[in-house]
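Enquirer: Below you'll find final12.tsv; it's TSV, C-alpha atoms and all ligand atoms.
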```tsv
chain	number	residue	atom	x	y	z
A	1	MET	CA	26.68	32.27	-25.09
A	2	GLU	CA	29.69	31.28	-22.97
A	3	LEU	CA	27.97	32.89	-19.98
A	4	ILE	CA	24.84	30.78	-20.48
A	5	ILE	CA	26.91	27.58	-20.71
A	6	LEU	CA	28.87	28.56	-17.60
A	7	PHE	CA	25.64	29.36	-15.74
A	8	GLY	CA	24.13	26.02	-16.77
A	9	PHE	CA	27.25	24.21	-15.64
A	10	ILE	CA	27.24	25.96	-12.24
A	11	VAL	CA	23.53	25.23	-11.71
A	12	GLY	CA	24.21	21.59	-12.63
A	13	VAL	CA	27.09	21.28	-10.18
A	14	VAL	CA	25.12	22.97	-7.38
A	15	LEU	CA	22.11	20.70	-7.98
A	16	PHE	CA	24.35	17.64	-8.01
A	17	ILE	CA	26.11	18.63	-4.78
A	18	PHE	CA	22.88	19.53	-3.00
A	19	SER	CA	20.99	16.42	-3.98
A	20	SER	CA	23.92	14.28	-2.78
A	21	ALA	CA	24.67	16.37	0.29
A	22	PHE	CA	21.67	14.99	2.16
A	23	SER	CA	22.56	11.45	1.31
A	24	ALA	CA	24.85	9.37	3.45
A	25	ILE	CA	25.75	7.18	0.48
A	26	PRO	CA	27.92	8.82	-2.18
A	27	PHE	CA	27.64	7.96	-5.86
A	28	TYR	CA	30.05	5.30	-7.09
A	29	PRO	CA	28.95	3.03	-9.93
A	30	THR	CA	29.40	-0.73	-9.77
A	31	HIS	CA	32.51	-1.74	-11.72
A	32	ARG	CA	31.59	-2.71	-15.30
A	33	ARG	CA	33.79	-5.81	-15.14
A	34	ASP	CA	31.63	-7.18	-12.30
A	35	LEU	CA	28.33	-6.77	-14.12
A	36	ALA	CA	28.23	-10.12	-15.93
A	37	GLN	CA	28.60	-12.20	-12.79
A	38	ILE	CA	26.18	-10.00	-10.82
A	39	ILE	CA	23.53	-10.45	-13.51
A	40	ARG	CA	24.16	-14.21	-13.64
A	41	LYS	CA	23.66	-14.31	-9.87
A	42	MET	CA	20.30	-12.50	-10.18
A	43	LYS	CA	18.99	-15.51	-12.16
A	44	LEU	CA	16.58	-13.29	-14.10
A	45	LYS	CA	13.21	-14.89	-14.75
A	46	ASN	CA	9.58	-14.06	-15.52
A	47	ASP	CA	7.53	-12.51	-12.69
A	48	HIS	CA	10.75	-11.30	-11.11
A	49	ILE	CA	11.36	-7.77	-9.81
A	50	ILE	CA	14.85	-6.31	-9.42
A	51	VAL	CA	15.13	-3.27	-7.16
A	52	ASP	CA	18.31	-1.21	-7.01
A	53	LEU	CA	18.41	0.60	-3.65
A	54	GLY	CA	20.32	3.72	-4.71
A	55	ALA	CA	20.65	3.06	-8.42
A	56	GLY	CA	23.08	5.89	-9.29
A	57	SER	CA	23.35	6.15	-13.07
A	58	GLY	CA	21.60	2.78	-13.49
A	59	THR	CA	24.73	0.80	-14.38
A	60	VAL	CA	23.35	-2.45	-12.95
A	61	ILE	CA	19.69	-1.94	-13.76
A	62	PHE	CA	20.24	-1.16	-17.46
A	63	ALA	CA	22.73	-4.00	-17.97
A	64	ALA	CA	20.35	-6.47	-16.28
A	65	ALA	CA	17.44	-5.11	-18.34
A	66	ASP	CA	19.50	-5.71	-21.53
A	67	GLU	CA	19.85	-9.33	-20.51
A	68	ALA	CA	16.16	-9.75	-19.63
A	69	HIS	CA	15.19	-8.26	-22.98
A	70	LYS	CA	17.58	-10.55	-24.89
A	71	LYS	CA	16.02	-13.54	-23.15
A	72	GLY	CA	12.45	-12.34	-23.80
A	73	LEU	CA	11.65	-12.15	-20.07
A	74	ASN	CA	9.11	-9.85	-18.44
A	75	THR	CA	11.45	-9.06	-15.52
A	76	GLU	CA	10.60	-5.71	-13.94
A	77	PHE	CA	13.27	-3.22	-12.85
A	78	VAL	CA	13.01	-0.45	-10.27
A	79	ALA	CA	15.80	2.11	-9.93
A	80	ILE	CA	15.50	4.32	-6.85
A	81	ASP	CA	17.76	7.27	-6.22
A	82	ILE	CA	17.63	10.44	-4.16
A	83	ASN	CA	19.87	12.41	-6.50
A	84	PHE	CA	17.70	14.43	-8.88
A	85	LEU	CA	20.29	14.67	-11.65
A	86	LEU	CA	21.01	10.94	-11.63
A	87	VAL	CA	17.28	10.27	-11.74
A	88	VAL	CA	16.85	12.56	-14.76
A	89	TYR	CA	19.79	10.84	-16.44
A	90	MET	CA	18.29	7.38	-15.81
A	91	TYR	CA	14.83	8.52	-16.90
A	92	ILE	CA	16.13	9.76	-20.24
A	93	LYS	CA	18.24	6.63	-20.73
A	94	ALA	CA	15.21	4.41	-19.93
A	95	GLN	CA	13.19	6.06	-22.74
A	96	PHE	CA	15.63	4.61	-25.28
A	97	HIS	CA	15.95	1.18	-23.71
A	98	PRO	CA	14.32	-1.78	-25.54
A	99	HIS	CA	13.00	-3.09	-22.19
A	100	LYS	CA	11.63	0.37	-21.24
A	101	ALA	CA	8.08	-0.82	-20.51
A	102	HIS	CA	9.55	-2.76	-17.57
A	103	ILE	CA	11.94	-0.13	-16.19
A	104	HIS	CA	10.72	2.25	-13.47
A	105	ILE	CA	12.83	5.16	-12.31
A	106	MET	CA	11.90	6.56	-8.90
A	107	GLN	CA	13.24	9.67	-7.23
A	108	GLY	CA	13.14	9.55	-3.43
A	109	ASP	CA	14.59	8.33	-0.18
A	110	LEU	CA	15.11	4.58	-0.31
A	111	PHE	CA	14.38	4.45	3.44
A	112	LYS	CA	10.85	5.73	2.85
A	113	MET	CA	9.55	3.43	0.12
A	114	ASP	CA	6.75	0.90	0.45
A	115	TYR	CA	8.62	-2.24	-0.64
A	116	GLU	CA	5.85	-4.59	0.42
A	117	LYS	CA	3.49	-2.97	-2.08
A	118	MET	CA	6.26	-2.75	-4.69
A	119	ILE	CA	7.13	-6.45	-4.75
A	120	GLN	CA	3.66	-7.80	-3.89
A	121	PRO	CA	2.60	-8.66	-7.51
A	122	PHE	CA	5.81	-10.62	-8.21
A	123	LYS	CA	6.79	-14.22	-7.56
A	124	HIS	CA	10.51	-13.41	-7.14
A	125	ALA	CA	12.35	-10.35	-5.81
A	126	THR	CA	15.98	-9.31	-5.86
A	127	PHE	CA	17.35	-6.25	-4.06
A	128	TYR	CA	20.69	-4.90	-5.23
A	129	MET	CA	22.66	-2.52	-3.02
A	130	TYR	CA	25.96	-0.73	-3.11
A	131	ALA	CA	25.95	1.40	0.00
A	132	VAL	CA	28.52	2.21	2.67
A	133	PRO	CA	29.72	-0.23	5.35
A	134	TRP	CA	27.77	1.38	8.19
A	135	LEU	CA	24.47	1.32	6.24
A	136	ALA	CA	24.63	-2.15	4.68
A	137	ASN	CA	22.69	-3.67	7.59
A	138	ALA	CA	20.07	-0.90	7.56
A	139	LEU	CA	19.39	-1.49	3.86
A	140	ALA	CA	19.18	-5.26	4.36
A	141	GLN	CA	16.79	-4.68	7.27
A	142	LEU	CA	14.40	-2.89	4.87
A	143	VAL	CA	14.19	-6.13	2.91
A	144	VAL	CA	13.86	-8.32	6.01
A	145	ASP	CA	10.98	-6.11	7.20
A	146	ILE	CA	8.95	-6.89	4.07
A	147	ASN	CA	8.50	-10.41	5.44
A	148	LYS	CA	8.58	-12.05	2.02
A	149	PRO	CA	11.22	-14.24	0.36
A	150	ALA	CA	13.84	-12.17	-1.47
A	151	GLN	CA	17.39	-12.30	-2.70
A	152	ILE	CA	19.83	-9.58	-1.59
A	153	LEU	CA	23.02	-8.83	-3.49
A	154	SER	CA	25.32	-6.44	-1.67
A	155	TYR	CA	28.22	-5.05	-3.65
A	156	TYR	CA	31.51	-4.48	-1.85
A	157	TYR	CA	30.10	-4.48	1.69
A	158	PRO	CA	28.86	-7.53	3.60
A	159	VAL	CA	25.71	-7.57	5.71
A	160	SER	CA	26.24	-8.96	9.20
A	161	ILE	CA	22.59	-9.39	10.25
A	162	LEU	CA	22.03	-12.15	7.66
A	163	LYS	CA	23.70	-15.48	6.94
A	164	GLN	CA	25.77	-15.24	3.78
A	165	LYS	CA	24.66	-17.64	1.03
A	166	ASP	CA	27.43	-17.02	-1.46
A	167	LYS	CA	30.22	-14.62	-2.32
A	168	LEU	CA	31.47	-13.61	-5.77
A	169	SER	CA	34.96	-12.27	-6.33
A	170	GLY	CA	35.82	-9.82	-9.07
A	171	GLU	CA	37.04	-6.24	-9.05
A	172	HIS	CA	35.09	-6.15	-5.78
A	173	GLU	CA	33.20	-8.81	-3.87
A	174	VAL	CA	29.46	-9.37	-4.11
A	175	PHE	CA	27.70	-10.92	-1.12
A	176	GLU	CA	24.50	-12.89	-1.58
A	177	TYR	CA	21.80	-13.35	1.05
A	178	GLU	CA	18.43	-15.03	1.02
A	179	VAL	CA	15.55	-13.71	3.05
A	180	LYS	CA	13.00	-16.45	3.67
A	201	LIG	C1	27.43	3.72	-4.32
A	201	LIG	S1	26.16	4.41	-5.39
A	201	LIG	C2	25.59	2.93	-6.17
A	201	LIG	C3	25.01	3.18	-7.53
A	201	LIG	C4	24.46	1.94	-8.24
A	201	LIG	N1	23.65	1.12	-7.37
A	201	LIG	C5	25.58	1.11	-8.80
A	201	LIG	O1	25.89	0.10	-8.14
A	201	LIG	O2	26.15	1.44	-9.83
A	201	LIG	C6	24.90	4.78	-4.17
A	201	LIG	C7	23.73	5.60	-4.70
A	201	LIG	O3	22.76	5.70	-3.66
A	201	LIG	C8	22.11	6.96	-3.76
A	201	LIG	N2	21.52	7.26	-2.45
A	201	LIG	C9	22.15	7.65	-1.34
A	201	LIG	N3	21.30	7.82	-0.33
A	201	LIG	C10	20.07	7.54	-0.82
A	201	LIG	C11	18.76	7.53	-0.26
A	201	LIG	N4	18.54	7.83	1.02
A	201	LIG	N5	17.73	7.17	-1.05
A	201	LIG	C12	17.93	6.85	-2.37
A	201	LIG	N6	19.16	6.84	-2.95
A	201	LIG	C13	20.20	7.17	-2.18
A	201	LIG	C14	23.22	7.92	-4.17
A	201	LIG	O4	22.70	9.06	-4.80
A	201	LIG	C15	24.05	7.04	-5.11
A	201	LIG	O5	23.68	7.23	-6.44
```
Kindly transcribe the structure held in the file into C-alpha cells.
Ligand SMILES: C[S@@+](CC[C@H](N)C(=O)[O-])C[C@H]1O[C@@H](n2cnc3c(N)ncnc32)[C@H](O)[C@@H]1O
Expert:
Amino acid sequence: MELIILFGFIVGVVLFIFSSAFSAIPFYPTHRRDLAQIIRKMKLKNDHIIVDLGAGSGTVIFAAADEAHKKGLNTEFVAIDINFLLVVYMYIKAQFHPHKAHIHIMQGDLFKMDYEKMIQPFKHATFYMYAVPWLANALAQLVVDINKPAQILSYYYPVSILKQKDKLSGEHEVFEYEVK
C-alpha cells in the first residue's frame, strides 16, 4: 500500500515538474489579500468575459466567479494553463462551483490560443495576467493583436508597451491598461 502511495506521489511530482519545465512562467498564485481589489477593478458585468492567461490553481478566476454568481451576472470565465496537474485541479474545482456553467478550463499554451474567436461573442473583455517581467509585454501584445477593446490587469509586473490607466497597491501592485 505504502509503495502504491509513494509511486503515485512520484508520478505526480514528475508530471508537475515536466508540465512546468516547458513553461517560462512558474506557478505562483496571486496573493489572497489582493483578490478583493482586483475583482473590484474588473467591474464584473453581464456579457463580460474574464480570461486568466496562465490561471494556475484558479485563485483569481474562482474568486471572481463567486462574486459574479452572488450578483446574478452571466460573466464568463476562461482559465488557461499549460500545467496538466493545475488544469485537472481547476477542472475538478469548477465542477463544484455554483457558477460552473460559465467557467471554462483550458489546457494549452496561452501563446497559441485564438483570443479573437474567444472574446468575439462578448461586449466586454478583461485579461488577467501574472507572468514574469520579461514576458509581461508579450502577453499584453496578445491582447493588443486582437484589435478589440479590452481591459488588461497585470499583477506584480508592469507592461511598458501600453499606457498605464491605473495602479492598485496591496501585497503587490496591480497595473491596469485599456486596449481601445
Ligand atoms: C505566476 S502563475 C499565475 C497563476 C494565476 N494567474 C494567479 O494569479 O494566481 C503563472 C501560471 O502560468 C502558467 N503558464 C506558464 N506558461 C504558460 C503557457 N505558455 N501557457 C499557459 N500557461 C502557462 C503556469 O503554469 C502558472 O500556473
Enquirer: Within 7 Å of range 128-131 of chain A, counting all atoms listed in the file, which residues show up once you throw out same-chain ones fewer than 2 positions away? Write them as a list in words, please.
Expert: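 Near neighbours after the sequence-gap exclusion: Ile25, Val51, Asp52, Leu53, Gly54, Thr126, Pro133, Leu135, Ala136, Ile152, Leu153, Ser154, Tyr155 and Tyr156 of chain A.
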Enquirer: Please report the interatomic distance between CA of Ala55 in chain A and CA of Lys163 in chain A in Å with one decimal.
Expert: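 Value for the CA of Ala55 in chain A-CA of Lys163 in chain A distance: 24.3 Å.
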Enquirer: Within 8 Å of ligand LIG 201 (chain A) (counting only C-alpha atoms and all ligand atoms), which residues show up? I'd like them as a short mmCIF file (atom, residue, chain, number, x, y, z; two decimals) with C-alpha atoms, in the frame of the given file.
Expert:
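Now in result28.cif:
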```cif
data_model
loop_
_atom_site.label_atom_id
_atom_site.label_comp_id
_atom_site.auth_asym_id
_atom_site.auth_seq_id
_atom_site.Cartn_x
_atom_site.Cartn_y
_atom_site.Cartn_z
CA SER A 19 20.99 16.42 -3.98
CA SER A 20 23.92 14.28 -2.78
CA PHE A 22 21.67 14.99 2.16
CA SER A 23 22.56 11.45 1.31
CA ALA A 24 24.85 9.37 3.45
CA ILE A 25 25.75 7.18 0.48
CA PRO A 26 27.92 8.82 -2.18
CA PHE A 27 27.64 7.96 -5.86
CA TYR A 28 30.05 5.30 -7.09
CA PRO A 29 28.95 3.03 -9.93
CA THR A 30 29.40 -0.73 -9.77
CA HIS A 31 32.51 -1.74 -11.72
CA ASP A 52 18.31 -1.21 -7.01
CA LEU A 53 18.41 0.60 -3.65
CA GLY A 54 20.32 3.72 -4.71
CA ALA A 55 20.65 3.06 -8.42
CA GLY A 56 23.08 5.89 -9.29
CA SER A 57 23.35 6.15 -13.07
CA GLY A 58 21.60 2.78 -13.49
CA THR A 59 24.73 0.80 -14.38
CA VAL A 60 23.35 -2.45 -12.95
CA ILE A 80 15.50 4.32 -6.85
CA ASP A 81 17.76 7.27 -6.22
CA ILE A 82 17.63 10.44 -4.16
CA ASN A 83 19.87 12.41 -6.50
CA LEU A 86 21.01 10.94 -11.63
CA GLN A 107 13.24 9.67 -7.23
CA GLY A 108 13.14 9.55 -3.43
CA ASP A 109 14.59 8.33 -0.18
CA LEU A 110 15.11 4.58 -0.31
CA PHE A 111 14.38 4.45 3.44
CA TYR A 128 20.69 -4.90 -5.23
CA MET A 129 22.66 -2.52 -3.02
CA TYR A 130 25.96 -0.73 -3.11
CA ALA A 131 25.95 1.40 0.00
CA VAL A 132 28.52 2.21 2.67
CA TYR A 155 28.22 -5.05 -3.65
#
```
Enquirer: Using all atoms listed in the file, which of the listed residues (A:Lys180, A:Val88, A:Trp134, A:Ile161) sits closest to Asn147 in chain A?
Expert: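 Ranked by minimum distance to Asn147 in chain A, first place goes to A:Lys180.
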Enquirer: Which residues are close to Asp34 in chain A, i.e. within 10 Å by all atoms listed in the file, leaving aside same-chain residues fewer than 2 positions away? Reply as an NGL selection string.
Expert: :A and (30-32 or 36-39 or 60 or 155 or 168-174)
Enquirer: Which of these residues is nearest to Asp47 in chain A, using only C-alpha atoms: A:Gly72, A:Pro121, A:Pro149, A:Pro98?
Expert: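 The answer is A:Pro121, which sits nearest to Asp47 in chain A.
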Enquirer: When distances are computed from only C-alpha atoms, which of A:Ile92, A:Ala125, A:Val78, A:Leu85 shows the smallest separation from Met113 in chain A?
Expert: A:Val78
Enquirer: So which one's closest to Lys45 in chain A, A:Asn137, A:Gln151, A:Thr75, A:Gln120? Using all atoms listed in the file, please.
Expert: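 So, comparing all the options, the nearest one is A:Thr75.
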Enquirer: Could you tell me how far CA of His102 in chain A sits from CA of Phe77 in chain A, in Å to one decimal place?
Expert: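 Taking CA of Phe77 in chain A as the start and CA of His102 in chain A as the end point, the length is 6.0 Å.
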Enquirer: Quick one: of A:Tyr89, A:Ala140, A:Lys117, A:Ile146, who's nearest to Tyr177 in chain A, counting all atoms listed in the file?
Expert: A:Ala140
